[in-house]
Amino acid sequence: MLQDLAKPPGASERTALPDRAGRPRWRLPIVWLLVLALPTLTCVAVASVLTLGIIDSRAYTRILIRDRADTVLDSIVLELSIHLDPVTAQLAAVAQEFASGAIDVGDDDAIYRYLSGVLTAVPQASGIGLARPDRQSSIFYRAGDHVARERQRASPRVRDWVEQAHVWTISRWIEPVFTMRTGRSVVMLLQPLHGPRSYIGVLLVPVPIDGLSRYLATLSLGLDQTPFVLFGHDHVLLHPLLQERSDSITLERPMPTLADFTDPILARIWDPRSAPLEADELPVATTGRRLEIAGESYVFMYRAVAKYGEAPWLVGSYFREAELGAAELRRIERLIVGGGAILVISVLLSLAVGRLVGRPILRFARASREIERGNFAQPPLTGSPIREFDQAARAFNDMVDGLRDRERIRDLFGKYVPPEVVETVLADPDALELAGQKREITVLFSDIEGFTALSEGLQPDLVLTLLNAYFEGVCSILVEHGGIIVDFVGDAVFAIFGAPIVQPDHAHRALAAARSLEHFTATFAAEQRRHGLAFGRTRVGIHTGIAIVGNIGSHDRLKYGAAGDVVNTASRLEGANKIFGSRILASAAAVRHADDPDVRPMGSVAVQGRAAPVEVFEVLDRGDSANAWHAQYLAAFAMLANRPADAAEAVRRLFAARPDDRPVGRLLDRLEGGATGELVELAEK
């Protein structure tokens with residue numbers, strides 16, 4: 001049990017440092033050893049190493065330049081693949097559907113529904129166009145939370161694409177164009193559509209590229225390099241300076257030329273005075289040039305990517321050679337001079353004192369390896385006649401004792417524990433009851449909407465990176481509000497408030513944490529969507545009640561947790577958000593315990609396994625209860641039981657005034673569907 005393992009500071013029995021029999025109490029200061037000298041052989045060896053370092057420094061600098069450039073170019077090529085290749089794959093699947101006859105080309109509504117789904121699956125695209133041989137075209141684009149459709153007559157350029165694509169068998173990327181609808185340049189993918197018996201037309205999918213320039217700007221932070229992507233040899237396709245819209249990008253000129261671009265260094269890349277780099281300076285499949293500009297040597301490295309159209313994309317980066325090469329050489333030279341002088345002056349007579357100094361160090365090394373393996377039961381380190389080693393051994397033994405206590409705490413609670421809980425455990429073990437006991441607590445469950453579907457389309461390492469960044473923020477908020485993270489299940493988080501430390505305001509803490517989670521996760525999801533990931537909303541369920549809390553698990557794998565109806569109900573309330581259109585649902589018990597006015601009733605849910613329905617409330621932002629619409633909602637909700645028609649009319653007016661209020665919209669759907677009263681059957685999580 002934890003109270004048997006954790007002791008208050010000063011009361012813990014620390015391992016005594018044994019002394020060797022007959023060893024005098026005084027300790028030899030290590031400074032006495034520093035005035036002695038190493039043998040001449042050591043100086044010769046050090047001098048040899050330093051000499052070799054000088055000789056190899058230029059080769060090392062070349063390797064450093066090559067590896068840094070290779071890393072940057074690989075990152076850009078990978079980002080291009082992540083951004084554009086899914087569009088190609090999705091359009092190929094669409095073409096197969098049309099070729100198989102699964103889509104009725106004569107049913108415009110069926111085509112609209114299908115292409116709306118395709119547009120949802122490719123968030124990189126700003127829209128989809130379908131051009132037919134009869135010179136008619138349909139444009140599908142995002143308009144708020146739905147996909148809009150327009151019909152228009154195909155332009156001459158589009159008619160040319162339709163005619164050319166008749167003989168194509170696969171999709172093709174064409175050169176970037178400027179679209180009036182978005183006001184920015186895009187790369188266009190053309191996908192020919194062939195039905196079972198005839199040619200249908202061509203799909204046109206514009207993909208904006210300013211987001212890729214923002215990626216290059218982010219990539220260049222902290223680096224002494226400027227990444228870029230050229231279209232052909234004369235046009236700048238991607239560059240950190242193109243991350244924002246520019247008036248210089250027009251319909252007639254969708255890309256700036258090197259000559260009129262605002263980067264004077266990049267504009268000199270094809271200067272005839274530049275010299276090609278040698279093979280050992282270049283990464284694989286990469287070309288490079290060196291050019292003197294205003295007395296500074298610049299290095300350009302680039303490689304061709306030929307899968308996004310007939311003209312190759314040149315993915316490259318340039319940097320000042322002095323920043324990576326000469327500076328490194330000067331630093332090495334200073335280290336050689338200083339290090340050589342220090343070594344010659346400070347180290348003598350190592351053979352005489354090697355054993356005296358070496359043995360304690362070896363004991364430290366062996367003990368550290370045991371700690372690294374998690375073995376805290378090893379014998380304590382013995383003393384040393386050297387004063388500093390003796391003090392270090394005592395400190396090391398004390399550290400092992402502290403780590404042993406904290407490791408046992410972590411085994412029970414996991415990583416995310418509020419600091420005040422840890423301090424209480426160590427200072428006053430009697431304040432805890434870790435054997436099973438009944439206690440009123442508040443349980444919080446959170447889950448990400450649609451994350452399973454999102455993760456299936458991402459690389460595993462990207463999924464883990466995304467989840468870890470999300471959990472880092474979520475868990476920090478929960479711990480900040482005094483919660484304990486009990487478990488992670490996929491993208492879901494299970495936390496409790498009010499145990500093991502008694503918190504009289506546990507419900508208030510849980511609701512405050514939920515509001516902070518709402519703001520963090522909304523910002524996090526918006527950021528991911530800006531990077532092309534359809535990251536969903538986070539739903540939260542909160543319930544207060546009596547639970548069994550304590551150590552749960554097997555003998556060698558105990559973990560502090562909670563069990564009971566309150567846990568199951570909180571989990572079901574998290575899932576009930578899907579029915580009510582809300583993000584945070586709390587039971588009436590949690591709301592009453594927190595005495596929180598900024599909520600609104602959603603109704604009662606009939607949970608399987610519970611005799612009585614659970615009254616639920618949506619947790620609102622602080623201060624929302626003072627708004628006029630809140631009073632209007634409460635008045636409409638009060639009419640549900642006895643005056644459903646009047647309630648429906650009141651809800652309809654409120655929804656007209658607040659069309660983005662999803663819970664009001666869901667309530668209106670229920671009323672218009674014939675539902676009466678507040679009870680909702682909750683058949684599934």
# chains A, B, ... in the order shown; residues from 1 in each chain; ligands from 1
$ residues_around --residues "A:Gly603" --least-positions-apart "2" --cutoff "7 Å" --atoms "only C-alpha atoms" --output "ChimeraX atom specification"
/A:601,605,615-616,678-679
$ residues_around --residues "A:Ala306" --least-positions-apart "5" --cutoff "12 Å" --atoms "only C-alpha atoms" --output "ChimeraX atom specification"
/A:77,80,172-174,230-232,311-315
$ write_last_selection --atoms "N, CA, C and O atoms" --output "mmCIF file, in the first residue's frame"
data_model
loop_
_atom_site.group_PDB
_atom_site.id
_atom_site.type_symbol
_atom_site.label_atom_id
_atom_site.label_comp_id
_atom_site.auth_asym_id
_atom_site.auth_seq_id
_atom_site.Cartn_x
_atom_site.Cartn_y
_atom_site.Cartn_z
ATOM 1 N N VAL A 77 10.027 17.006 -49.983
ATOM 2 C CA VAL A 77 9.452 15.991 -50.887
ATOM 3 C C VAL A 77 8.383 15.182 -50.166
ATOM 4 O O VAL A 77 7.319 14.883 -50.724
ATOM 5 N N LEU A 80 5.226 17.274 -49.899
ATOM 6 C CA LEU A 80 4.518 17.299 -51.183
ATOM 7 C C LEU A 80 3.715 16.013 -51.382
ATOM 8 O O LEU A 80 2.562 16.050 -51.831
ATOM 9 N N ARG A 172 -3.615 13.501 -64.661
ATOM 10 C CA ARG A 172 -2.421 14.295 -64.920
ATOM 11 C C ARG A 172 -2.504 15.607 -64.150
ATOM 12 O O ARG A 172 -3.562 16.231 -64.084
ATOM 13 N N TRP A 173 -1.359 15.979 -63.581
ATOM 14 C CA TRP A 173 -1.240 17.314 -62.983
ATOM 15 C C TRP A 173 -0.840 18.294 -64.078
ATOM 16 O O TRP A 173 0.015 17.989 -64.911
ATOM 17 N N ILE A 174 -1.447 19.463 -64.076
ATOM 18 C CA ILE A 174 -1.095 20.478 -65.057
ATOM 19 C C ILE A 174 -0.425 21.636 -64.338
ATOM 20 O O ILE A 174 -0.385 21.697 -63.117
ATOM 21 N N LEU A 230 10.824 25.349 -57.333
ATOM 22 C CA LEU A 230 10.671 26.037 -58.614
ATOM 23 C C LEU A 230 9.837 25.198 -59.559
ATOM 24 O O LEU A 230 9.916 23.960 -59.563
ATOM 25 N N PHE A 231 9.035 25.877 -60.373
ATOM 26 C CA PHE A 231 8.302 25.210 -61.455
ATOM 27 C C PHE A 231 9.110 25.421 -62.720
ATOM 28 O O PHE A 231 9.227 26.554 -63.227
ATOM 29 N N GLY A 232 9.660 24.329 -63.236
ATOM 30 C CA GLY A 232 10.610 24.477 -64.320
ATOM 31 C C GLY A 232 11.870 25.136 -63.787
ATOM 32 O O GLY A 232 12.331 24.878 -62.687
ATOM 33 N N ALA A 311 6.328 19.541 -66.633
ATOM 34 C CA ALA A 311 7.507 20.295 -66.218
ATOM 35 C C ALA A 311 7.927 19.833 -64.823
ATOM 36 O O ALA A 311 7.093 19.723 -63.928
ATOM 37 N N PRO A 312 9.209 19.554 -64.595
ATOM 38 C CA PRO A 312 9.630 19.080 -63.265
ATOM 39 C C PRO A 312 9.548 20.189 -62.230
ATOM 40 O O PRO A 312 9.686 21.375 -62.538
ATOM 41 N N TRP A 313 9.306 19.795 -60.990
ATOM 42 C CA TRP A 313 9.393 20.706 -59.847
ATOM 43 C C TRP A 313 10.789 20.552 -59.253
ATOM 44 O O TRP A 313 11.220 19.443 -58.946
ATOM 45 N N LEU A 314 11.482 21.654 -59.086
ATOM 46 C CA LEU A 314 12.813 21.621 -58.497
ATOM 47 C C LEU A 314 12.699 21.948 -57.010
ATOM 48 O O LEU A 314 12.429 23.091 -56.629
ATOM 49 N N VAL A 315 12.883 20.932 -56.187
ATOM 50 C CA VAL A 315 12.823 21.089 -54.728
ATOM 51 C C VAL A 315 14.228 21.399 -54.240
ATOM 52 O O VAL A 315 15.152 20.608 -54.468
#
$ atom_distance --atom1 "atom CA of A:Pro500" --atom2 "atom CA of A:Ile484"
8.8 Å
$ residues_around --residues "A:Ala217" --least-positions-apart "2" --cutoff "10 Å" --atoms "only C-alpha atoms" --output "PyMOL selection string"
chain A and resi 211-215+219-221+226-228+238-243
$ atom_distance --atom1 "atom CA of A:Leu671" --atom2 "atom CA of A:Pro644"
7.4 Å
$ select_by_dssp --residues "stretch 480-634 of chain A" --states "alpha helix (DSSP H)" --output "count of residues only"
56
$ closest_residue --among "A:Ala547, A:Leu634, A:Leu511, A:Leu204" --to "A:Val162" --atoms "only C-alpha atoms"
A:Leu204
$ closest_residue --among "A:Thr442, A:Ser81, A:Ser126, A:Thr523" --to "A:Ala563" --atoms "only C-alpha atoms"
A:Thr442
$ atom_distance --atom1 "atom CA of A:Pro208" --atom2 "atom CA of A:Ser185"
6.2 Å
$ residues_around --residues "A:Val591" --least-positions-apart "3" --cutoff "9 Å" --atoms "only C-alpha atoms" --output "VMD selection string"
chain A and resid 507 to 508 511 543 to 544 586 to 588 594 to 597 599 616 to 617 619
$ closest_residue --among "A:Ala513, A:Ala526, A:Ile542, A:Ala469" --to "A:Glu574" --atoms "only C-alpha atoms"
A:Ile542
